[in-house]
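Asks: Starting off with a structure, shown below.
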Amino acid sequence: MQVLTYLQHPWHWAVAGVLIGLTVPLLLILDNKTFGISSSLRHICAACIPANISFFKYDWKKESWNLFFIAGILIGGFIANSLLHDSANIQVAAATQERLATYGIRDYSALLPADIHLFTLKGLVFFVFGGFLVGFGTRYAGGCTSGHAIMGLSNLQWPSLVATICFMAGGFFSANLIVPYLFKWLS
Amino acid sequence: MKNLKYIIAGIFFGIILVKSQVLSWFRIQEMFQLTSFHMYGVIGTAVIIGIISVQLIKRFDIKTIKGAPIVIPDKTFHKGNIIGGLIFGIGWAITGACPGPLFAQIGAGFTAVVITLLSAIAGTWVYGALKNKLPH
């Protein structure tokens, strides 16, 4: 069972990077599928709430491999958290821990902060407002970190480079100028 | 079932997302506070492996398992790559999740993330409804 114990530890970034990178040729070789996850959100809209909007009028069933892939991700998350669970605290850089402490975040027992509760104003902003920006932004940008930053850059697509730079710019702006104030104002 | 292979590929991908901790809100904060190399290491390595893979596929004319030629459509630039990209980046730092990790987080038992997912679907829908009025 030594392999299992080893797999339970957090994986090194290089191991994860190689495996995520290999997802690109894996999906291409399986059947010409270009890696990208945010399009699954569009297929869900097209399948469930098309509302006669032209953007959602297409044959989503043709792209349904993507929905099976996200179902797999969900199951994978479950397996990793049950079978391969590591009970140690998340190791976060001291400088970030110091900053998060000023936000009132001190619990590092799980991958997500237990200090943000859904049914609070702060929680609503994080889960509802944040989620909306993720869905709206990725579709407007034509892809997310998988479609643009991994697949697009792998295929040397310059629109993907522009999008990835903007993902990062938005993230830096948000993490340093929006998130700290959200915590201050909404606490 | 022809889609079983995508479920299996997804399972592996979901496990990687959890074990590499790239779906952790803390890791995203570290990345944007420049206090850890972890996320840059993961994304950088993935892109390098991806570029090498795609080049090898093109150079050696590698086919799919069904024997069909591999075709990767080119992406065309539009203003949404910039505006949408910035909007997504802001949401990414707040929620600590991009679309892939959202599903893995829910699978890993963070049930509140279902709300983030529903909200992301709503965001996608609103984009679809407003698409013709937005600059592209």
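Chain identifiers are assigned as A, B, and so on, following the order in which chains appear in the structure tokens; residues are numbered from 1 within each chain, and ligands are numbered from 1 in order of appearance.
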Would you mind listing what lies within 6 Å of stretch 4-16 of chain A as a ChimeraX atom specification, with only C-alpha atoms counted and same-chain residues fewer than 5 positions away left out?

Replies: /A:84-86 /B:19-20,38,41-42

Asks: Can you write out the residues you just picked, keeping C-alpha atoms, as a tab-separated table (two decimals), in the first residue's frame?

Replies:
chain	number	residue	atom	x	y	z
A	84	LEU	CA	-6.47	9.74	-1.85
A	85	HIS	CA	-7.30	12.24	0.88
A	86	ASP	CA	-4.40	13.86	2.68
B	19	LYS	CA	-3.88	16.21	-5.85
B	20	SER	CA	-1.95	19.09	-7.46
B	38	HIS	CA	3.39	26.24	-7.51
B	41	GLY	CA	5.08	25.51	-12.28
B	42	VAL	CA	1.92	23.54	-13.05

Asks: Env of A:Ile165: 9 Å cut, atoms = only C-alpha atoms, seq-sep filter 6 positions within chain, self excluded. Answer as a PyMOL selection string.

Replies: (chain A and resi 149) or (chain B and resi 82+85-86)

Asks: Would you save the residues of that selection, restricted to all heavy atoms, as an mmCIF file, in the first residue's frame?

Replies:
data_model
loop_
_atom_site.group_PDB
_atom_site.id
_atom_site.type_symbol
_atom_site.label_atom_id
_atom_site.label_comp_id
_atom_site.auth_asym_id
_atom_site.auth_seq_id
_atom_site.Cartn_x
_atom_site.Cartn_y
_atom_site.Cartn_z
ATOM 1 N N ALA A 149 -5.394 28.853 -22.111
ATOM 2 C CA ALA A 149 -4.051 28.821 -21.530
ATOM 3 C C ALA A 149 -3.342 27.495 -21.796
ATOM 4 O O ALA A 149 -2.124 27.462 -21.961
ATOM 5 C CB ALA A 149 -4.095 29.107 -20.026
ATOM 6 N N ILE B 82 -9.937 39.982 -24.828
ATOM 7 C CA ILE B 82 -9.401 40.940 -23.849
ATOM 8 C C ILE B 82 -10.431 41.208 -22.748
ATOM 9 O O ILE B 82 -10.166 40.975 -21.569
ATOM 10 C CB ILE B 82 -9.016 42.266 -24.547
ATOM 11 C CG1 ILE B 82 -7.880 42.002 -25.542
ATOM 12 C CG2 ILE B 82 -8.608 43.311 -23.510
ATOM 13 C CD1 ILE B 82 -7.529 43.184 -26.427
ATOM 14 N N GLY B 85 -11.592 38.101 -21.028
ATOM 15 C CA GLY B 85 -10.437 37.580 -20.291
ATOM 16 C C GLY B 85 -10.246 38.306 -18.967
ATOM 17 O O GLY B 85 -10.026 37.674 -17.925
ATOM 18 N N LEU B 86 -10.363 39.637 -18.998
ATOM 19 C CA LEU B 86 -10.204 40.422 -17.760
ATOM 20 C C LEU B 86 -11.324 40.083 -16.773
ATOM 21 O O LEU B 86 -11.077 39.910 -15.574
ATOM 22 C CB LEU B 86 -10.221 41.919 -18.082
ATOM 23 C CG LEU B 86 -9.001 42.447 -18.853
ATOM 24 C CD1 LEU B 86 -9.240 43.888 -19.303
ATOM 25 C CD2 LEU B 86 -7.729 42.364 -17.992
#

Asks: So that I can see what lies close to B:Leu118, please list as a list of chain:residue names the residues with an atom at most 10 Å from it, counting only C-alpha atoms and leaving out residues fewer than 4 positions away in the same chain.

Replies: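 Within the cut-off, the hits are A:Leu41, A:Phe127, A:Val128, A:Gly131, A:Phe132, A:Gly135, B:Val113, B:Val114, B:Ala122, B:Gly123, B:Thr124.
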
Asks: Write out, as CSV, each residue of stretch 104-127 of chain B that has an atom at most 10 Å from stretch 103-117 of chain A, together with the closest pair of atoms and their distance in Å to one decimal, counting only C-alpha atoms, rows going by chain and rising number.

Replies:
residue,atom,partner,partner_atom,distance
B:Gln105,CA,A:Leu112,CA,8.6
B:Ala108,CA,A:Leu111,CA,9.4
B:Phe110,CA,A:Leu112,CA,8.0
B:Ala112,CA,A:His117,CA,8.5
B:Val113,CA,A:Leu112,CA,9.9

Asks: Next, write the just-selected residues to a file, as a CSV table (one decimal), in the first residue's frame, keeping N, CA, C and O atoms as the atom set.

Replies:
chain,number,residue,atom,x,y,z
B,105,GLN,N,-14.1,20.5,-7.5
B,105,GLN,CA,-14.4,20.9,-6.1
B,105,GLN,C,-15.7,20.3,-5.6
B,105,GLN,O,-15.8,19.9,-4.5
B,108,ALA,N,-15.3,16.8,-4.8
B,108,ALA,CA,-14.5,16.6,-3.6
B,108,ALA,C,-15.3,17.0,-2.4
B,108,ALA,O,-14.8,16.9,-1.3
B,110,PHE,N,-17.2,19.9,-1.7
B,110,PHE,CA,-17.5,21.3,-1.3
B,110,PHE,C,-18.9,21.7,-2.0
B,110,PHE,O,-18.9,22.2,-3.0
B,112,ALA,N,-21.2,23.8,-1.4
B,112,ALA,CA,-21.6,25.2,-1.6
B,112,ALA,C,-21.1,25.6,-3.0
B,112,ALA,O,-21.7,26.6,-3.6
B,113,VAL,N,-20.1,25.0,-3.6
B,113,VAL,CA,-19.7,25.3,-4.9
B,113,VAL,C,-20.7,25.1,-6.0
B,113,VAL,O,-20.6,25.6,-7.1

Asks: Could you give me, as a tab-separated table, a per-residue list for stretch 5-109 of chain B showing, wherever an atom lies at most 7 Å from an atom of stretch 20-34 of chain A, the closest pair of atoms and their distance in Å to one decimal, using only C-alpha atoms and sorting by chain then residue number from low to high?

Replies:
residue	atom	partner	partner_atom	distance
B:Ala46	CA	A:Gly21	CA	3.8
B:Val47	CA	A:Gly21	CA	6.1
B:Ile49	CA	A:Gly21	CA	5.0
B:Gly50	CA	A:Gly21	CA	4.7
B:Ser53	CA	A:Pro25	CA	6.0
B:Val54	CA	A:Pro25	CA	6.8
B:Lys63	CA	A:Ile29	CA	6.6
B:Thr64	CA	A:Ile29	CA	4.1
B:Ile65	CA	A:Leu30	CA	5.8
B:Ile70	CA	A:Asn32	CA	5.7
B:Val71	CA	A:Asn32	CA	6.6
B:Ile72	CA	A:Thr34	CA	6.9

Asks: B:Val126: which residues within 12 Å, counting only C-alpha atoms, same-chain residues fewer than 4 positions away excluded, as a tab-separated table (two decimals) with N, CA and C atoms, in the first residue's frame?

Replies:
chain	number	residue	atom	x	y	z
A	41	LEU	N	-20.35	24.58	-20.15
A	41	LEU	CA	-21.38	25.45	-19.55
A	41	LEU	C	-22.36	25.91	-20.64
A	42	ARG	N	-21.80	26.18	-21.83
A	42	ARG	CA	-22.66	26.59	-22.95
A	42	ARG	C	-23.57	25.43	-23.36
A	45	CYS	N	-26.46	25.21	-21.05
A	45	CYS	CA	-27.46	26.23	-21.38
A	45	CYS	C	-28.27	25.79	-22.60
A	49	ILE	N	-31.70	25.50	-20.99
A	49	ILE	CA	-32.39	26.80	-21.00
A	49	ILE	C	-32.06	27.58	-22.28
A	50	PRO	N	-32.36	27.02	-23.47
A	50	PRO	CA	-31.97	27.71	-24.71
A	50	PRO	C	-32.73	29.03	-24.93
A	51	ALA	N	-33.97	29.10	-24.45
A	51	ALA	CA	-34.76	30.35	-24.48
A	51	ALA	C	-34.75	31.04	-25.84
A	53	ILE	N	-32.48	31.72	-27.83
A	53	ILE	CA	-31.32	32.60	-28.07
A	53	ILE	C	-30.44	31.92	-29.13
A	55	PHE	N	-27.37	31.99	-29.84
A	55	PHE	CA	-26.09	31.46	-29.34
A	55	PHE	C	-26.25	30.04	-28.78
A	56	PHE	N	-27.48	29.71	-28.38
A	56	PHE	CA	-27.70	28.38	-27.80
A	56	PHE	C	-28.44	27.45	-28.75
A	132	PHE	N	-20.59	34.08	-11.41
A	132	PHE	CA	-21.17	34.74	-12.58
A	132	PHE	C	-20.06	35.28	-13.49
A	133	LEU	N	-19.06	35.94	-12.87
A	133	LEU	CA	-17.95	36.49	-13.66
A	133	LEU	C	-17.18	35.39	-14.37
A	134	VAL	N	-17.02	34.24	-13.71
A	134	VAL	CA	-16.31	33.12	-14.33
A	134	VAL	C	-17.07	32.64	-15.57
A	135	GLY	N	-18.38	32.46	-15.44
A	135	GLY	CA	-19.19	31.97	-16.57
A	135	GLY	C	-19.28	32.97	-17.70
A	136	PHE	N	-19.57	34.23	-17.35
A	136	PHE	CA	-19.72	35.29	-18.35
A	136	PHE	C	-18.37	35.56	-19.04
A	137	GLY	N	-17.33	35.70	-18.22
A	137	GLY	CA	-16.00	36.04	-18.74
A	137	GLY	C	-15.42	34.98	-19.64
A	139	ARG	N	-16.94	32.68	-21.39
A	139	ARG	CA	-17.65	32.56	-22.66
A	139	ARG	C	-17.34	33.74	-23.58
A	140	TYR	N	-17.29	34.95	-22.99
A	140	TYR	CA	-16.98	36.15	-23.76
A	140	TYR	C	-15.55	36.04	-24.32
B	119	SER	N	-24.22	29.74	-10.87
B	119	SER	CA	-24.02	31.14	-11.19
B	119	SER	C	-23.17	31.28	-12.46
B	120	ALA	N	-22.20	30.38	-12.63
B	120	ALA	CA	-21.37	30.41	-13.84
B	120	ALA	C	-22.22	30.05	-15.06
B	121	ILE	N	-23.14	29.10	-14.89
B	121	ILE	CA	-24.05	28.75	-15.99
B	121	ILE	C	-24.93	29.96	-16.32
B	122	ALA	N	-25.40	30.65	-15.28
B	122	ALA	CA	-26.20	31.86	-15.49
B	122	ALA	C	-25.38	32.92	-16.22
B	130	LEU	N	-26.81	38.50	-24.42
B	130	LEU	CA	-26.33	39.85	-24.74
B	130	LEU	C	-25.33	39.88	-25.89
B	131	LYS	N	-24.97	38.71	-26.38
B	131	LYS	CA	-23.83	38.59	-27.32
B	131	LYS	C	-23.84	39.65	-28.43
B	132	ASN	N	-25.00	39.86	-29.05
B	132	ASN	CA	-25.04	40.77	-30.20
B	132	ASN	C	-24.85	42.23	-29.81
B	133	LYS	N	-25.02	42.53	-28.52
B	133	LYS	CA	-24.87	43.93	-28.09
B	133	LYS	C	-23.47	44.21	-27.55
B	134	LEU	N	-22.66	43.16	-27.38
B	134	LEU	CA	-21.32	43.34	-26.80
B	134	LEU	C	-20.28	43.53	-27.90

Asks: I'd like the neighbourhood of A:Ala95 as a ChimeraX atom specification, where a residue qualifies if any of its atoms comes within 9 Å (using only C-alpha atoms), though same-chain residues fewer than 4 positions away should be ignored.

Replies: /A:99-100 /B:30,33,35

Asks: Go ahead and write the selection's residues with all heavy atoms as a PDB file, in the first residue's frame.

Replies:
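Heads up, here's the output in again04.pdb:
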ATOM      1  N   ARG A  99      -1.281  37.655   5.126  1.00  0.00           N
ATOM      2  CA  ARG A  99      -2.278  38.528   4.518  1.00  0.00           C
ATOM      3  C   ARG A  99      -3.689  38.006   4.724  1.00  0.00           C
ATOM      4  O   ARG A  99      -4.609  38.765   5.026  1.00  0.00           O
ATOM      5  CB  ARG A  99      -1.998  38.671   3.032  1.00  0.00           C
ATOM      6  CG  ARG A  99      -1.819  40.124   2.667  1.00  0.00           C
ATOM      7  CD  ARG A  99      -1.342  40.251   1.292  1.00  0.00           C
ATOM      8  NE  ARG A  99      -2.433  40.687   0.431  1.00  0.00           N
ATOM      9  CZ  ARG A  99      -2.216  41.042  -0.836  1.00  0.00           C
ATOM     10  NH1 ARG A  99      -1.015  40.987  -1.340  1.00  0.00           N
ATOM     11  NH2 ARG A  99      -3.221  41.441  -1.572  1.00  0.00           N
ATOM     12  N   LEU A 100      -3.852  36.690   4.568  1.00  0.00           N
ATOM     13  CA  LEU A 100      -5.188  36.110   4.728  1.00  0.00           C
ATOM     14  C   LEU A 100      -5.665  36.239   6.180  1.00  0.00           C
ATOM     15  O   LEU A 100      -6.868  36.349   6.435  1.00  0.00           O
ATOM     16  CB  LEU A 100      -5.205  34.651   4.267  1.00  0.00           C
ATOM     17  CG  LEU A 100      -4.934  34.421   2.772  1.00  0.00           C
ATOM     18  CD1 LEU A 100      -5.099  32.948   2.412  1.00  0.00           C
ATOM     19  CD2 LEU A 100      -5.842  35.278   1.893  1.00  0.00           C
TER      20      LEU A 100
ATOM     21  N   GLU B  30      -2.074  32.636  -3.633  1.00  0.00           N
ATOM     22  CA  GLU B  30      -0.597  32.649  -3.676  1.00  0.00           C
ATOM     23  C   GLU B  30      -0.093  33.073  -5.054  1.00  0.00           C
ATOM     24  O   GLU B  30       0.833  33.860  -5.168  1.00  0.00           O
ATOM     25  CB  GLU B  30      -0.046  31.237  -3.405  1.00  0.00           C
ATOM     26  CG  GLU B  30      -0.030  30.816  -1.962  1.00  0.00           C
ATOM     27  CD  GLU B  30       0.604  29.431  -1.825  1.00  0.00           C
ATOM     28  OE1 GLU B  30       0.619  28.658  -2.805  1.00  0.00           O
ATOM     29  OE2 GLU B  30       1.080  29.122  -0.746  1.00  0.00           O
ATOM     30  N   GLN B  33      -0.566  36.689  -5.526  1.00  0.00           N
ATOM     31  CA  GLN B  33       0.217  37.496  -4.577  1.00  0.00           C
ATOM     32  C   GLN B  33       1.711  37.255  -4.792  1.00  0.00           C
ATOM     33  O   GLN B  33       2.538  37.761  -4.043  1.00  0.00           O
ATOM     34  CB  GLN B  33      -0.171  37.145  -3.134  1.00  0.00           C
ATOM     35  CG  GLN B  33      -1.579  37.593  -2.767  1.00  0.00           C
ATOM     36  CD  GLN B  33      -1.991  37.180  -1.359  1.00  0.00           C
ATOM     37  OE1 GLN B  33      -1.157  36.793  -0.545  1.00  0.00           O
ATOM     38  NE2 GLN B  33      -3.268  37.251  -1.078  1.00  0.00           N
ATOM     39  N   THR B  35       3.579  34.724  -4.155  1.00  0.00           N
ATOM     40  CA  THR B  35       4.273  34.193  -2.984  1.00  0.00           C
ATOM     41  C   THR B  35       4.636  32.719  -3.154  1.00  0.00           C
ATOM     42  O   THR B  35       5.249  32.138  -2.267  1.00  0.00           O
ATOM     43  CB  THR B  35       3.400  34.334  -1.714  1.00  0.00           C
ATOM     44  OG1 THR B  35       2.118  33.759  -1.975  1.00  0.00           O
ATOM     45  CG2 THR B  35       3.229  35.788  -1.337  1.00  0.00           C
TER      46      THR B  35
END

Asks: Please run DSSP on the backbone and report, as an MDAnalysis selection string, all residues within chain B that come out as alpha helix (DSSP H).

Replies: chainID B and resid 4:19 25:32 38:59 80:95 99:107 113:130

Asks: Let me make sure I understand: among B:Leu56, B:Ala129, B:Met39, B:Ile106, which one has the smallest atom-to-atom distance to A:Leu74 if we use only C-alpha atoms?

Replies: B:Ile106

Asks: Report as number ranges by chain all protein, DNA and RNA residues lying within 8 Å of A:Gly72, evaluated on only C-alpha atoms, omitting residues in the same chain fewer than 5 positions from it.

Replies: B: 6-14

Asks: Which of these residues is nearest to A:Gly77, using only C-alpha atoms: B:Gly128, B:Pro135, B:Gly80, B:Pro101?

Replies: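 Of the candidates, the smallest distance to A:Gly77 is held by B:Pro101.
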
Asks: Which of these, B:His136, B:Lys79, B:Gly89, B:Leu4, has the shortest distance to chain A once you count only C-alpha atoms?

Replies: B:Gly89

Asks: Have a look at atom CA of A:Ser154 and atom CA of A:Ala46 and let me know their distance in Å, one decimal.

Replies: 28.2 Å
